[in-house]
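A.B. asks: Got upload_2.pdb for you, PDB, C-alpha atoms:
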ATOM      1  CA  MET C   1     145.916   8.088 245.273
ATOM      2  CA  GLU C   2     148.642   7.686 242.668
ATOM      3  CA  ILE C   3     149.132  11.444 242.565
ATOM      4  CA  ILE C   4     149.684  11.591 246.324
ATOM      5  CA  ILE C   5     152.277   8.790 246.144
ATOM      6  CA  GLY C   6     154.017  10.592 243.273
ATOM      7  CA  ILE C   7     154.155  13.835 245.257
ATOM      8  CA  ILE C   8     155.567  12.017 248.288
ATOM      9  CA  VAL C   9     158.259  10.390 246.129
ATOM     10  CA  ILE C  10     159.210  13.743 244.583
ATOM     11  CA  VAL C  11     159.394  15.437 248.004
ATOM     12  CA  GLY C  12     161.546  12.560 249.263
ATOM     13  CA  LEU C  13     163.959  12.868 246.324
ATOM     14  CA  VAL C  14     164.266  16.645 246.752
ATOM     15  CA  TYR C  15     164.941  16.174 250.477
ATOM     16  CA  PHE C  16     167.559  13.462 249.756
ATOM     17  CA  PHE C  17     169.467  15.586 247.240
ATOM     18  CA  GLN C  18     169.254  18.677 249.449
ATOM     19  CA  LYS C  19     170.791  16.763 252.365
ATOM     20  CA  LYS C  20     173.526  15.423 250.080
ATOM     21  CA  GLU C  21     174.498  18.985 249.016
ATOM     22  CA  ASP C  22     174.540  20.169 252.634
ATOM     23  CA  LYS C  23     176.970  17.404 253.602
ATOM     24  CA  LYS C  24     179.298  18.270 250.728
ATOM     25  CA  SER C  25     179.507  21.931 251.650
ATOM     26  CA  VAL C  26     180.084  21.193 255.345
ATOM     27  CA  SER C  27     182.735  18.514 254.818
ATOM     28  CA  LYS C  28     185.087  20.723 252.786
ATOM     29  CA  PRO C  29     187.405  22.828 254.941
ATOM     30  CA  THR C  30     187.695  26.425 253.810
ATOM     31  CA  SER C  31     191.354  26.849 254.668
ATOM     32  CA  SER C  32     194.123  24.782 256.117
ATOM     33  CA  PRO C  33     194.859  25.871 259.686
ATOM     34  CA  LYS C  34     198.471  24.680 259.412
ATOM     35  CA  THR C  35     199.449  27.125 256.675
ATOM     36  CA  PRO C  36     200.422  30.509 258.108
ATOM     37  CA  ALA C  37     199.153  33.653 256.440
ATOM     38  CA  LYS C  38     201.731  35.060 254.046
ATOM     39  CA  LYS C  39     202.898  38.631 254.256
ATOM     40  CA  PRO C  40     201.811  40.652 251.257
ATOM     41  CA  SER C  41     204.776  41.758 249.187
ATOM     42  CA  VAL C  42     205.752  45.399 248.884
ATOM     43  CA  ALA C  43     204.677  45.322 245.239
ATOM     44  CA  GLU C  44     201.208  44.093 246.236
ATOM     45  CA  LEU C  45     200.923  46.800 248.861
ATOM     46  CA  LYS C  46     202.034  49.510 246.419
ATOM     47  CA  LYS C  47     199.080  48.614 244.182
ATOM     48  CA  LEU C  48     196.678  49.660 246.954
ATOM     49  CA  THR C  49     195.746  53.231 247.751
ATOM     50  CA  LYS C  50     196.725  54.779 251.073
ATOM     51  CA  ASN C  51     193.113  54.570 252.257
ATOM     52  CA  GLN C  52     192.981  50.856 251.402
ATOM     53  CA  LEU C  53     196.217  50.311 253.316
ATOM     54  CA  LEU C  54     194.799  52.117 256.339
ATOM     55  CA  GLU C  55     191.616  50.017 256.158
ATOM     56  CA  MET C  56     193.737  46.857 256.038
ATOM     57  CA  ALA C  57     195.625  48.005 259.113
ATOM     58  CA  ASP C  58     192.350  48.673 260.939
ATOM     59  CA  LYS C  59     190.952  45.240 260.032
ATOM     60  CA  LYS C  60     194.092  43.537 261.315
ATOM     61  CA  SER C  61     194.258  45.761 264.412
ATOM     62  CA  LEU C  62     197.647  47.204 263.480
ATOM     63  CA  LYS C  63     198.787  50.635 264.575
ATOM     64  CA  VAL C  64     199.855  52.795 261.658
ATOM     65  CA  LYS C  65     200.374  56.550 261.508
ATOM     66  CA  LYS C  66     197.622  57.914 259.325
ATOM     67  CA  SER C  67     199.507  61.137 258.724
ATOM     68  CA  GLY C  68     202.540  59.325 257.269
ATOM     69  CA  SER C  69     203.224  58.929 253.579
ATOM     70  CA  LYS C  70     202.064  55.888 251.651
ATOM     71  CA  ALA C  71     205.599  54.479 251.715
ATOM     72  CA  ALA C  72     205.765  54.893 255.490
ATOM     73  CA  VAL C  73     202.408  53.146 255.880
ATOM     74  CA  ILE C  74     203.636  50.256 253.705
ATOM     75  CA  ASN C  75     206.821  49.920 255.773
ATOM     76  CA  GLU C  76     204.883  49.918 259.040
ATOM     77  CA  LEU C  77     202.435  47.309 257.708
ATOM     78  CA  ARG C  78     205.244  45.033 256.569
ATOM     79  CA  ASP C  79     207.019  45.358 259.913
ATOM     80  CA  GLN C  80     203.907  44.464 261.897
ATOM     81  CA  LEU C  81     202.710  41.569 259.740
TER
END
Could you show the structure in this file as structure tokens?
C.D. replies:
Amino acid sequence: MEIIIGIIVIVGLVYFFQKKEDKKSVSKPTSSPKTPAKKPSVAELKKLTKNQLLEMADKKSLKVKKSGSKAAVINELRDQL
């Protein structure tokens, strides 16, 4: 009988702490909706390869000439962001 009570108490404590962790993770906002997304600087964009720049443009639904040079792609990205 004492073993069953002990198991119930342990299950209750695990449930209590699990619920407490769930509330903490839900209550924290991931990002502030008031802060606008910053444009990446030209220096940051130059660190990326042309393929990475083209992937970024695709993810953000921007139209960039794939046949252009890396510099042209960077300029088009900066203009559209």
A.B. asks: Got a sec to resolve the PyMOL selection byres ((chain C and resi 39-41) around 10) on this structure and send the residues as a PDB file with C-alpha atoms, keeping the file's coordinate frame?
C.D. replies:
ATOM      1  CA  PRO C  36     200.422  30.509 258.108  1.00  0.00           C
ATOM      2  CA  ALA C  37     199.153  33.653 256.440  1.00  0.00           C
ATOM      3  CA  LYS C  38     201.731  35.060 254.046  1.00  0.00           C
ATOM      4  CA  VAL C  42     205.752  45.399 248.884  1.00  0.00           C
ATOM      5  CA  ALA C  43     204.677  45.322 245.239  1.00  0.00           C
ATOM      6  CA  GLU C  44     201.208  44.093 246.236  1.00  0.00           C
ATOM      7  CA  LEU C  45     200.923  46.800 248.861  1.00  0.00           C
ATOM      8  CA  LYS C  46     202.034  49.510 246.419  1.00  0.00           C
ATOM      9  CA  ILE C  74     203.636  50.256 253.705  1.00  0.00           C
ATOM     10  CA  LEU C  77     202.435  47.309 257.708  1.00  0.00           C
ATOM     11  CA  ARG C  78     205.244  45.033 256.569  1.00  0.00           C
ATOM     12  CA  ASP C  79     207.019  45.358 259.913  1.00  0.00           C
ATOM     13  CA  GLN C  80     203.907  44.464 261.897  1.00  0.00           C
ATOM     14  CA  LEU C  81     202.710  41.569 259.740  1.00  0.00           C
TER      15      LEU C  81
END
A.B. asks: Once the PyMOL selection byres ((chain C and resi 55-61) around 10) is applied to the coordinates I shared, what remains selected? I want it as a ChimeraX atom specification.
C.D. replies: /C:48-54,62-64,73-74,76-77,80-81
A.B. asks: Please report the interatomic distance between atom CA of Met1 of chain C and atom CA of Val14 of chain C in Å with one decimal.
C.D. replies: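 Taking atom CA of Met1 of chain C as the start and atom CA of Val14 of chain C as the end point, the length is 20.3 Å.
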A.B. asks: Please, what is the axis-aligned box for every listed atom of segment 51-69 of chain C with 6 Å on each side, as centre and edge lengths in Å to one decimal, as AutoDock Vina command-line options?
C.D. replies:
--center_x 197.1 --center_y 52.3 --center_z 258.0 --size_x 24.3 --size_y 29.6 --size_z 25.2
A.B. asks: Tell me, in Å to one decimal, how far atom CA of Ile3 of chain C is from atom CA of Phe17 of chain C.
C.D. replies: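 For atom CA of Ile3 of chain C relative to atom CA of Phe17 of chain C, the distance reads 21.3 Å.
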